[in-house]
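What's in structure-v7.tsv: TSV, C-alpha atoms
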chain	number	residue	atom	x	y	z
A	64	MET	CA	-37.74	-15.29	2.76
A	65	ALA	CA	-38.71	-11.65	2.64
A	66	ASP	CA	-35.69	-10.55	4.67
A	67	THR	CA	-33.13	-12.41	2.50
A	68	PRO	CA	-30.68	-9.89	0.96
A	69	TRP	CA	-30.89	-9.49	-2.80
A	70	LEU	CA	-27.14	-10.08	-3.24
A	71	THR	CA	-25.26	-13.22	-2.23
A	72	VAL	CA	-21.48	-13.40	-2.66
A	73	ILE	CA	-20.07	-16.92	-2.83
A	74	GLY	CA	-16.39	-17.77	-2.66
A	75	LEU	CA	-15.76	-20.47	-5.26
A	76	GLY	CA	-12.60	-22.54	-5.59
A	77	GLU	CA	-11.13	-24.48	-8.51
A	78	ASP	CA	-12.96	-27.58	-7.26
A	79	GLY	CA	-16.26	-25.92	-8.18
A	80	PRO	CA	-19.52	-26.71	-6.33
A	81	ASP	CA	-18.01	-29.86	-4.79
A	82	GLY	CA	-15.90	-27.68	-2.51
A	83	LEU	CA	-18.79	-25.53	-1.30
A	84	CYS	CA	-20.70	-25.85	1.95
A	85	LYS	CA	-24.34	-26.96	1.75
A	86	ALA	CA	-25.61	-23.41	2.28
A	87	SER	CA	-23.65	-22.16	-0.74
A	88	ARG	CA	-24.81	-25.07	-2.93
A	89	ASP	CA	-28.42	-24.45	-1.93
A	90	VAL	CA	-28.12	-20.79	-2.96
A	91	LEU	CA	-26.65	-21.72	-6.34
A	92	GLU	CA	-29.32	-24.34	-7.01
A	93	ASN	CA	-32.07	-21.77	-6.41
A	94	ALA	CA	-30.35	-18.74	-7.98
A	95	GLU	CA	-32.25	-16.64	-10.50
A	96	CYS	CA	-29.12	-14.93	-11.84
A	97	ILE	CA	-25.42	-15.69	-11.39
A	98	MET	CA	-22.64	-13.20	-12.18
A	99	GLY	CA	-18.99	-14.16	-12.31
A	100	ALA	CA	-15.81	-14.31	-14.35
A	101	ALA	CA	-15.84	-16.74	-17.27
A	102	ARG	CA	-13.53	-19.06	-15.32
A	103	HIS	CA	-15.93	-19.22	-12.38
A	104	LEU	CA	-19.02	-19.71	-14.52
A	105	SER	CA	-17.32	-22.57	-16.37
A	106	LEU	CA	-17.02	-24.48	-13.09
A	107	LEU	CA	-20.81	-24.66	-12.65
A	108	PRO	CA	-23.16	-27.19	-14.26
A	109	ASP	CA	-25.52	-25.74	-16.84
A	110	VAL	CA	-28.96	-25.76	-15.19
A	111	GLY	CA	-30.53	-22.99	-17.22
A	112	THR	CA	-30.00	-20.18	-14.71
A	113	GLU	CA	-29.39	-16.75	-16.20
A	114	ARG	CA	-25.65	-16.09	-16.29
A	115	ILE	CA	-23.85	-12.79	-16.71
A	116	GLU	CA	-20.12	-12.82	-17.43
A	117	TRP	CA	-18.25	-10.22	-15.40
A	118	PRO	CA	-16.68	-7.74	-17.82
A	119	VAL	CA	-13.21	-6.21	-17.89
A	120	PRO	CA	-12.31	-3.82	-16.34
A	121	TYR	CA	-13.67	-5.02	-13.02
A	122	SER	CA	-15.33	-1.67	-12.26
A	123	ASP	CA	-17.63	-2.13	-15.27
A	124	GLY	CA	-18.97	-5.28	-13.63
A	125	VAL	CA	-19.66	-3.40	-10.41
A	126	ASP	CA	-21.70	-0.84	-12.36
A	127	LEU	CA	-23.56	-3.66	-14.13
A	128	LEU	CA	-24.35	-5.31	-10.81
A	129	MET	CA	-25.63	-2.05	-9.34
A	130	LYS	CA	-28.18	-1.85	-12.16
A	131	ARG	CA	-29.63	-5.09	-10.81
A	132	ARG	CA	-29.96	-3.68	-7.31
A	133	GLY	CA	-32.92	-5.26	-5.55
A	134	GLN	CA	-33.11	-8.26	-7.94
A	135	PRO	CA	-31.93	-11.60	-6.51
A	136	THR	CA	-28.37	-12.09	-7.74
A	137	VAL	CA	-25.45	-14.37	-6.89
A	138	VAL	CA	-21.89	-13.12	-7.47
A	139	LEU	CA	-19.05	-15.62	-7.66
A	140	ALA	CA	-15.65	-14.62	-6.31
A	141	SER	CA	-12.40	-16.49	-5.77
A	142	GLY	CA	-11.91	-18.31	-2.47
A	143	ASP	CA	-12.41	-15.93	0.42
A	144	PRO	CA	-14.03	-12.79	-1.06
A	145	PHE	CA	-12.89	-10.68	1.88
A	146	TRP	CA	-9.17	-11.46	1.72
A	147	PHE	CA	-7.78	-9.37	-1.15
A	148	GLY	CA	-11.01	-10.22	-2.93
A	149	ALA	CA	-14.12	-8.66	-4.41
A	150	GLY	CA	-16.24	-8.81	-1.26
A	151	SER	CA	-15.08	-5.56	0.31
A	152	VAL	CA	-15.41	-3.69	-3.01
A	153	LEU	CA	-19.06	-4.66	-3.27
A	154	ALA	CA	-19.88	-4.30	0.44
A	155	LYS	CA	-18.82	-0.65	0.58
A	156	ARG	CA	-21.28	0.17	-2.21
A	157	LEU	CA	-24.23	-1.35	-0.38
A	158	ASP	CA	-26.11	-1.20	2.88
A	159	ARG	CA	-25.30	-4.07	5.22
A	160	SER	CA	-28.86	-5.40	4.89
A	161	GLU	CA	-28.49	-5.81	1.10
A	162	TRP	CA	-25.89	-8.56	0.97
A	163	ARG	CA	-24.69	-11.77	2.55
A	164	ALA	CA	-21.57	-13.84	1.86
A	165	PHE	CA	-20.43	-17.43	2.02
A	166	SER	CA	-16.64	-17.58	2.02
A	167	GLY	CA	-14.61	-20.39	0.55
A	168	GLN	CA	-11.05	-21.43	1.27
A	169	SER	CA	-8.58	-18.64	0.58
A	170	VAL	CA	-5.63	-19.26	-1.71
A	171	PHE	CA	-3.38	-18.39	1.24
A	172	SER	CA	-4.84	-21.18	3.36
A	173	LEU	CA	-4.56	-23.65	0.51
A	174	ALA	CA	-0.96	-22.67	-0.22
A	175	ALA	CA	0.04	-22.91	3.44
A	176	ALA	CA	-1.57	-26.36	3.60
A	177	ARG	CA	0.48	-27.54	0.60
A	178	LEU	CA	3.73	-26.15	2.01
A	179	GLY	CA	3.24	-26.86	5.71
A	180	TRP	CA	3.85	-23.21	6.54
A	181	PRO	CA	2.30	-21.61	9.64
A	182	LEU	CA	-0.01	-19.06	8.07
A	183	GLU	CA	0.20	-16.69	11.05
A	184	LYS	CA	3.96	-16.38	10.47
A	185	SER	CA	3.74	-15.92	6.71
A	186	LEU	CA	3.22	-12.55	5.03
A	187	CYS	CA	0.18	-12.65	2.74
A	188	LEU	CA	0.06	-10.13	-0.11
A	189	GLY	CA	-2.35	-9.49	-2.97
A	190	LEU	CA	-0.12	-8.66	-5.94
A	191	HIS	CA	-2.80	-9.42	-8.54
A	192	ALA	CA	-3.80	-5.74	-8.60
A	193	THR	CA	-0.72	-4.15	-7.04
A	194	PRO	CA	2.75	-3.45	-8.53
A	195	LEU	CA	5.46	-5.96	-7.69
A	196	THR	CA	7.37	-3.13	-6.01
A	197	ALA	CA	4.97	-3.52	-3.06
A	198	LEU	CA	7.33	-6.35	-2.09
A	199	ARG	CA	10.33	-4.05	-1.62
A	200	PRO	CA	9.94	-3.22	2.09
A	201	HIS	CA	9.57	-6.93	2.88
A	202	LEU	CA	12.61	-8.33	1.07
A	203	ALA	CA	14.88	-9.80	3.72
A	204	THR	CA	16.50	-13.21	4.00
A	205	GLY	CA	14.29	-15.55	6.00
A	206	ARG	CA	10.99	-13.86	5.17
A	207	ARG	CA	8.19	-16.16	3.97
A	208	ILE	CA	5.65	-14.59	1.64
A	209	ILE	CA	2.54	-15.97	-0.06
A	210	ALA	CA	1.28	-13.70	-2.83
A	211	THR	CA	-1.47	-13.81	-5.42
A	212	LEU	CA	-0.40	-12.80	-8.94
A	213	ARG	CA	-2.26	-11.24	-11.85
A	214	ASP	CA	-1.59	-14.07	-14.33
A	215	GLY	CA	1.00	-16.56	-15.49
A	216	ASP	CA	3.18	-13.91	-17.13
A	217	ALA	CA	3.54	-12.15	-13.77
A	218	VAL	CA	5.54	-15.13	-12.48
A	219	ALA	CA	8.46	-14.38	-14.81
A	220	ALA	CA	8.17	-10.66	-14.08
A	221	LEU	CA	8.39	-11.38	-10.36
A	222	GLY	CA	11.46	-13.55	-10.87
A	223	ALA	CA	13.17	-10.77	-12.79
A	224	TYR	CA	12.24	-8.23	-10.14
A	225	LEU	CA	13.64	-10.34	-7.30
A	226	THR	CA	16.82	-11.04	-9.27
A	227	ASP	CA	17.37	-7.33	-10.02
A	228	ALA	CA	16.89	-6.57	-6.32
A	229	GLY	CA	19.61	-9.06	-5.37
A	230	PHE	CA	17.33	-11.90	-4.27
A	231	GLY	CA	17.64	-14.21	-7.26
A	232	GLU	CA	18.37	-17.09	-4.88
A	233	ALA	CA	14.90	-16.89	-3.30
A	234	ALA	CA	13.19	-20.27	-3.15
A	235	CYS	CA	9.89	-20.06	-5.04
A	236	THR	CA	6.92	-22.39	-5.19
A	237	VAL	CA	4.47	-21.56	-7.96
A	238	LEU	CA	0.97	-22.89	-7.26
A	239	GLU	CA	-1.49	-23.01	-10.17
A	240	ALA	CA	-5.24	-23.70	-9.93
A	241	LEU	CA	-5.03	-24.86	-6.32
A	242	ASN	CA	-7.53	-27.52	-5.24
A	243	GLY	CA	-8.75	-28.14	-8.76
A	244	PRO	CA	-8.11	-30.76	-11.45
A	245	ARG	CA	-5.53	-28.46	-13.10
A	246	GLU	CA	-3.52	-28.00	-9.89
A	247	GLN	CA	0.19	-27.75	-10.61
A	248	ILE	CA	3.03	-27.02	-8.19
A	249	THR	CA	6.46	-25.96	-9.46
A	250	GLU	CA	9.57	-25.27	-7.42
A	251	ALA	CA	12.38	-23.03	-8.67
A	252	VAL	CA	14.70	-20.26	-7.62
A	253	ALA	CA	13.65	-16.73	-8.53
A	254	ARG	CA	16.28	-16.24	-11.25
A	255	ASP	CA	14.88	-19.28	-13.14
A	256	LEU	CA	11.19	-18.37	-13.06
A	257	GLY	CA	11.38	-16.98	-16.57
A	258	ASN	CA	12.05	-20.47	-17.93
A	259	GLY	CA	8.57	-21.80	-17.18
A	260	SER	CA	5.03	-21.30	-18.43
A	261	PHE	CA	2.25	-20.80	-15.90
A	262	ALA	CA	-1.52	-20.45	-16.09
A	263	HIS	CA	-4.07	-18.34	-14.22
A	264	PRO	CA	-5.15	-18.57	-11.40
A	265	VAL	CA	-1.72	-18.57	-9.85
A	266	CYS	CA	-0.06	-17.66	-6.59
A	267	ILE	CA	3.52	-17.93	-5.40
A	268	ALA	CA	5.20	-18.76	-2.12
A	269	LEU	CA	8.60	-17.17	-1.50
A	270	GLU	CA	11.37	-17.92	0.96
A	271	ILE	CA	13.57	-14.88	0.54
A	272	LYS	CA	17.30	-15.50	0.11
A	273	GLY	CA	20.10	-13.39	-1.33
A	274	ASP	CA	22.47	-10.54	-0.66
A	275	GLY	CA	20.22	-7.70	-1.85
A	276	ALA	CA	19.85	-4.52	0.19
A	277	VAL	CA	17.41	-4.92	3.09
A	278	MET	CA	15.34	-1.88	3.99
A	279	PRO	CA	15.75	-1.03	7.70
A	280	LEU	CA	12.62	-1.06	9.83
A	281	ALA	CA	13.52	2.11	11.73
A	282	SER	CA	12.90	5.63	10.45
A	283	GLY	CA	15.90	7.43	9.03
A	284	ARG	CA	16.83	5.13	6.14
A	285	ALA	CA	20.11	5.91	4.39
A	286	ASP	CA	19.87	8.77	1.89
A	287	ASP	CA	20.84	6.49	-1.01
A	288	TRP	CA	17.47	4.72	-0.79
A	289	PHE	CA	16.03	7.88	-2.38
A	290	ASP	CA	16.80	9.36	-5.76
A	291	SER	CA	17.46	13.04	-5.13
A	292	ASP	CA	18.84	16.21	-6.69
A	293	GLY	CA	20.14	17.17	-3.24
A	294	GLN	CA	16.79	18.48	-2.00
A	295	ILE	CA	16.25	15.87	0.71
A	296	THR	CA	15.81	15.84	4.47
A	297	LYS	CA	19.05	14.09	5.42
A	298	GLN	CA	19.03	10.80	7.31
A	299	PRO	CA	19.59	11.93	10.93
A	300	ILE	CA	17.26	14.93	10.57
A	301	ARG	CA	14.68	12.69	8.92
A	302	ALA	CA	14.79	10.27	11.85
A	303	LEU	CA	14.24	13.12	14.31
A	304	THR	CA	11.49	14.56	12.14
A	305	LEU	CA	9.58	11.26	11.90
A	306	SER	CA	9.85	10.99	15.67
A	307	ALA	CA	8.31	14.46	15.98
A	308	LEU	CA	5.59	13.64	13.46
A	309	ALA	CA	4.73	10.59	15.63
A	310	PRO	CA	2.64	8.57	13.11
A	311	ARG	CA	-0.47	6.91	14.48
A	312	PRO	CA	-2.65	4.37	12.65
A	313	PHE	CA	-5.02	5.71	9.97
A	314	GLU	CA	-3.54	9.24	9.97
A	315	HIS	CA	-3.05	11.41	6.88
A	316	LEU	CA	0.09	13.51	6.40
A	317	TRP	CA	0.66	16.59	4.29
A	318	ASP	CA	4.34	16.69	3.27
A	319	ILE	CA	4.74	20.28	2.10
A	320	GLY	CA	7.81	20.95	-0.03
A	321	GLY	CA	8.24	17.27	-0.79
A	322	GLY	CA	11.67	17.47	-2.46
A	323	SER	CA	12.53	13.78	-2.93
A	324	GLY	CA	9.49	12.58	-0.98
A	325	SER	CA	11.61	11.02	1.75
A	326	ILE	CA	9.46	12.22	4.66
A	327	GLY	CA	6.16	11.13	3.10
A	328	ILE	CA	7.62	7.80	2.01
A	329	GLU	CA	9.09	7.01	5.44
A	330	TRP	CA	5.77	8.02	7.01
A	331	LEU	CA	3.96	5.46	4.83
A	332	LEU	CA	6.53	2.75	5.50
A	333	THR	CA	5.67	3.00	9.19
A	334	ASP	CA	2.25	1.37	8.87
A	335	PRO	CA	-0.04	0.26	5.98
A	336	THR	CA	-3.01	2.19	7.39
A	337	LEU	CA	-1.28	5.55	6.94
A	338	ASN	CA	-1.84	7.91	4.01
A	339	ALA	CA	0.16	10.88	2.77
A	340	THR	CA	0.06	13.67	0.23
A	341	ALA	CA	3.29	15.31	-0.96
A	342	ILE	CA	3.01	18.89	-2.23
A	343	GLU	CA	5.89	20.00	-4.46
A	344	PRO	CA	6.06	23.13	-6.68
A	345	ARG	CA	8.68	21.83	-9.14
A	346	ALA	CA	7.49	19.44	-11.84
A	347	ASP	CA	10.77	17.48	-12.02
A	348	ARG	CA	10.77	16.91	-8.28
A	349	ALA	CA	7.12	15.88	-8.30
A	350	VAL	CA	8.01	13.20	-10.86
A	351	ARG	CA	10.96	12.12	-8.71
A	352	ILE	CA	8.73	11.80	-5.64
A	353	ARG	CA	6.33	9.59	-7.59
A	354	ASP	CA	9.19	7.41	-8.85
A	355	ASN	CA	10.72	7.05	-5.37
A	356	ALA	CA	7.38	6.11	-3.84
A	357	ASP	CA	6.64	3.50	-6.51
A	358	ARG	CA	10.12	1.97	-6.32
A	359	LEU	CA	10.04	1.71	-2.52
A	360	GLY	CA	6.63	0.05	-2.41
A	361	VAL	CA	4.38	2.88	-1.22
A	362	GLY	CA	2.53	3.74	-4.40
A	363	ARG	CA	-0.39	5.04	-2.33
A	364	LEU	CA	1.52	8.33	-1.82
A	365	SER	CA	-0.45	11.11	-3.53
A	366	VAL	CA	1.66	13.77	-5.26
A	367	VAL	CA	0.31	17.27	-5.89
A	368	GLU	CA	2.32	19.63	-8.08
A	369	GLY	CA	1.90	23.19	-6.84
A	370	LYS	CA	2.96	25.77	-4.31
A	371	ALA	CA	1.52	25.92	-0.82
A	372	PRO	CA	-0.76	27.29	0.45
A	373	ASP	CA	-2.66	27.62	-2.85
A	374	ALA	CA	-2.07	23.93	-3.72
A	375	LEU	CA	-3.58	22.87	-0.38
A	376	GLN	CA	-7.04	24.05	-1.29
A	377	GLY	CA	-9.46	21.15	-1.71
A	378	LEU	CA	-7.11	18.44	-0.42
A	379	SER	CA	-8.33	15.86	2.06
A	380	PRO	CA	-7.65	17.41	5.48
A	381	PRO	CA	-4.54	16.22	7.31
A	382	ASP	CA	-4.05	14.87	10.79
A	383	VAL	CA	-0.39	15.87	10.63
A	384	VAL	CA	1.51	18.44	8.57
A	385	PHE	CA	5.22	18.58	7.81
A	386	VAL	CA	6.72	21.72	6.29
A	387	GLY	CA	10.12	21.00	4.80
A	388	GLY	CA	10.15	23.78	2.22
A	389	GLY	CA	8.25	26.86	1.15
A	390	LEU	CA	7.79	28.18	4.68
A	391	SER	CA	6.15	31.61	4.72
A	392	GLN	CA	3.87	33.72	6.85
A	393	GLU	CA	1.11	33.08	4.33
A	394	LEU	CA	1.52	29.32	4.81
A	395	ILE	CA	1.60	29.63	8.61
A	396	THR	CA	-1.60	31.68	8.49
A	397	PHE	CA	-3.29	29.00	6.40
A	398	LEU	CA	-2.13	26.18	8.68
A	399	GLU	CA	-3.66	27.97	11.66
A	400	THR	CA	-7.08	27.46	10.06
A	401	LEU	CA	-6.75	23.66	10.14
A	402	PRO	CA	-8.97	21.71	12.56
A	403	LYS	CA	-8.15	21.70	16.25
A	404	GLY	CA	-5.90	18.77	17.11
A	405	THR	CA	-3.89	18.88	13.87
A	406	ARG	CA	-0.17	18.37	14.55
A	407	ILE	CA	2.38	20.51	12.71
A	408	VAL	CA	6.13	20.01	12.40
A	409	ALA	CA	8.24	22.52	10.47
A	410	ASN	CA	11.98	22.51	9.77
A	411	ALA	CA	13.86	25.71	8.98
A	412	VAL	CA	17.45	26.18	7.80
A	413	THR	CA	17.66	29.85	6.77
A	414	LEU	CA	17.80	32.77	9.20
A	415	GLU	CA	14.57	34.15	7.75
A	416	SER	CA	12.59	30.94	8.16
A	417	GLU	CA	14.11	30.40	11.61
A	418	ALA	CA	12.95	33.87	12.64
A	419	LEU	CA	9.44	33.06	11.39
A	420	LEU	CA	9.34	29.85	13.43
A	421	THR	CA	10.66	31.65	16.50
A	422	GLN	CA	7.92	34.26	16.24
A	423	THR	CA	5.26	31.62	15.59
A	424	HIS	CA	6.43	29.58	18.59
A	425	ALA	CA	6.17	32.65	20.81
A	426	ARG	CA	2.61	33.18	19.62
A	427	LEU	CA	1.23	29.62	19.35
A	428	GLY	CA	3.45	27.68	21.71
A	429	GLY	CA	4.55	24.11	21.07
A	430	SER	CA	8.21	23.15	21.18
A	431	LEU	CA	11.19	24.71	19.44
A	432	MET	CA	14.38	22.70	18.99
A	433	ARG	CA	17.71	23.50	17.38
A	434	ILE	CA	19.46	20.52	15.80
A	435	GLU	CA	23.19	20.72	15.10
A	436	ILE	CA	25.03	17.74	13.59
A	437	ALA	CA	28.66	17.34	12.66
A	438	ASN	CA	30.36	14.47	10.85
A	439	ALA	CA	33.99	13.37	10.99
A	440	VAL	CA	35.88	14.10	7.75
A	441	PRO	CA	39.53	13.84	6.71
A	442	ILE	CA	41.75	16.88	7.29
A	443	GLY	CA	44.96	15.89	5.58
A	444	PRO	CA	46.22	12.75	7.33
A	445	LYS	CA	43.93	13.37	10.31
A	446	ARG	CA	40.22	13.95	10.96
A	447	GLY	CA	38.03	16.79	12.08
A	448	TRP	CA	34.38	17.73	12.49
A	449	ARG	CA	32.43	19.25	9.61
A	450	ALA	CA	29.20	20.83	10.82
A	451	SER	CA	26.04	20.72	8.76
A	452	TYR	CA	23.71	23.70	8.63
A	453	PRO	CA	21.79	23.80	11.92
A	454	ILE	CA	18.07	23.00	11.70
A	455	THR	CA	15.39	24.74	13.73
A	456	GLN	CA	12.37	22.51	14.29
A	457	TRP	CA	9.03	23.74	15.56
A	458	SER	CA	6.25	21.33	16.48
A	459	VAL	CA	2.81	22.06	17.85
A	460	GLN	CA	-0.68	20.60	18.17
A	461	LEU	CA	-3.35	23.13	17.29
Would you give me this structure, written as structure tokens?
Amino acid sequence: MADTPWLTVIGLGEDGPDGLCKASRDVLENAECIMGAARHLSLLPDVGTERIEWPVPYSDGVDLLMKRRGQPTVVLASGDPFWFGAGSVLAKRLDRSEWRAFSGQSVFSLAAARLGWPLEKSLCLGLHATPLTALRPHLATGRRIIATLRDGDAVAALGAYLTDAGFGEAACTVLEALNGPREQITEAVARDLGNGSFAHPVCIALEIKGDGAVMPLASGRADDWFDSDGQITKQPIRALTLSALAPRPFEHLWDIGGGSGSIGIEWLLTDPTLNATAIEPRADRAVRIRDNADRLGVGRLSVVEGKAPDALQGLSPPDVVFVGGGLSQELITFLETLPKGTRIVANAVTLESEALLTQTHARLGGSLMRIEIANAVPIGPKRGWRASYPITQWSVQL
């Protein structure tokens, strides 16, 4: 048909064409060219159709496919191409009229069917192209997780990671080549995963158990979650600051004067749709921010080494800005040029920066709050209050 898109994406399982719907089989039988990983191509009968093996890295295959634009082509993907799969990568490169897709069974559905788990109550993660540290915010006794993994070696790496985090008792079910003739299911506890040998494609189902530290869901995590040289927005101030920043889905934060990255990291932990950029003038602290973000499972935090406002030039515009360090009249002047509706929160601890915020509040409005916190400490055999430096917080929507 003249209006048939040139590209067809088919989700193929380990059971090969036998597991496909009739529409998918018809497309394959009439295909002029089929692209796919060697594993996928090996599942098809040899009928003389032109075959192109998808190269590594994956992006090279995308470029190769784009050179065939307009020529009838079938691309094979694993299971459901739009659940941690290749479908969305290809779709965003093309007009909607250029492609169609026939999805297969996702590995998550197959795993849940083997285990008897309610899929809607299980956390599904794609760890085949994401660091294992993406698990960190989700590690809590009782959590059920189904995750795809890069290859067989990643199973042992995951076991070591869980054990180091204090969850070596987690019950693990390793599922290899689901729904195919090579299907293999192995049960073990996390600390013993290094004793086995596993083959790609592989996923794992986890029932988290152990006495490892559980990351709180509320903003204002304990300071010891973050590696710091002392330059950190302390826990109670951080909780108040995140409340003032008021994250909303899909927003982008500039965390100016990142320090340890605690504000940007907690912002990202709020919701997976959020993005953030930390701007930090010191190289050692920029490295520390990156390390903290990776370790706490929010590797999508961008880190820019430089001093604001110069380092802000050319960055993706923010919806929200936090100023935790480097406050100056020059920076305030720059922030005033941001688009209308941008929200700004700035914390000041010195008299000079407090005076600047007071003057700015008088001119631009918003709210100005003074935060004073004291903690009980020993005084000889008794206790007394030790006050922290007061914080002045200004927040405004331009």
So, counting only C-alpha atoms, which residue among A:Pro381, A:Gly257, A:Pro444, A:Gly142 is closest to Leu241 in chain A?
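Selected residue with least distance to Leu241 in chain A: A:Gly142.
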What is the CA of Phe230 in chain A to CA of Asp292 in chain A distance in Å?
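Interatomic distance here is 28.3 Å.
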Which residues are near range 304-318 of chain A? Cut-off 8 Å, only C-alpha atoms, ignore same chain within fewer than 6 positions. Put them as a PyMOL selection string.
chain A and resi 282-283+324+326-327+329-330+333-334+336-342+380-387+406-408+458
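At a cut-off of 9 Å from (11.9, -19.5, -11.6), the residue set is Val218, Ala219, Leu221, Gly222, Ala223, Gly231, Ala234, Cys235, Thr236, Val237, Thr249, Glu250, Ala251, Val252, Ala253, Arg254, Asp255, Leu256, Gly257, Asn258 and Gly259 of chain A (counting only C-alpha atoms).
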Give me the residues within 8 Å of Glu77 in chain A as a VMD selection string, counting all atoms listed in the file and dropping any in the same chain fewer than 3 places off.
chain A and resid 106 240 to 244
Using Å and a single decimal, report how far CA of Leu394 in chain A sits from CA of Glu343 in chain A.
13.9 Å
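The two atoms in question, CA of Val152 in chain A and CA of Ala140 in chain A, are spaced 11.4 Å apart.
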Who sits within 12 Å of Asp274 in chain A, only C-alpha atoms, same chain under 6 positions skipped, as a ChimeraX atom specification
/A:202-205,225-233
Show me, as a ChimeraX atom specification, the residues that have an atom within 12 Å of Gly82 in chain A when counting all atoms listed in the file, minus same-chain residues fewer than 2 positions from it.
/A:73-80,84-88,106-107,142,166-168,241-243
C-alpha atoms of the current selection, written as a short mmCIF file (atom, residue, chain, number, x, y, z; two decimals), in the frame of the given file:
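Okay, this is what ended up in selection-v4.cif:
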data_model
loop_
_atom_site.label_atom_id
_atom_site.label_comp_id
_atom_site.auth_asym_id
_atom_site.auth_seq_id
_atom_site.Cartn_x
_atom_site.Cartn_y
_atom_site.Cartn_z
CA ILE A 73 -20.07 -16.92 -2.83
CA GLY A 74 -16.39 -17.77 -2.66
CA LEU A 75 -15.76 -20.47 -5.26
CA GLY A 76 -12.60 -22.54 -5.59
CA GLU A 77 -11.13 -24.48 -8.51
CA ASP A 78 -12.96 -27.58 -7.26
CA GLY A 79 -16.26 -25.92 -8.18
CA PRO A 80 -19.52 -26.71 -6.33
CA CYS A 84 -20.70 -25.85 1.95
CA LYS A 85 -24.34 -26.96 1.75
CA ALA A 86 -25.61 -23.41 2.28
CA SER A 87 -23.65 -22.16 -0.74
CA ARG A 88 -24.81 -25.07 -2.93
CA LEU A 106 -17.02 -24.48 -13.09
CA LEU A 107 -20.81 -24.66 -12.65
CA GLY A 142 -11.91 -18.31 -2.47
CA SER A 166 -16.64 -17.58 2.02
CA GLY A 167 -14.61 -20.39 0.55
CA GLN A 168 -11.05 -21.43 1.27
CA LEU A 241 -5.03 -24.86 -6.32
CA ASN A 242 -7.53 -27.52 -5.24
CA GLY A 243 -8.75 -28.14 -8.76
#
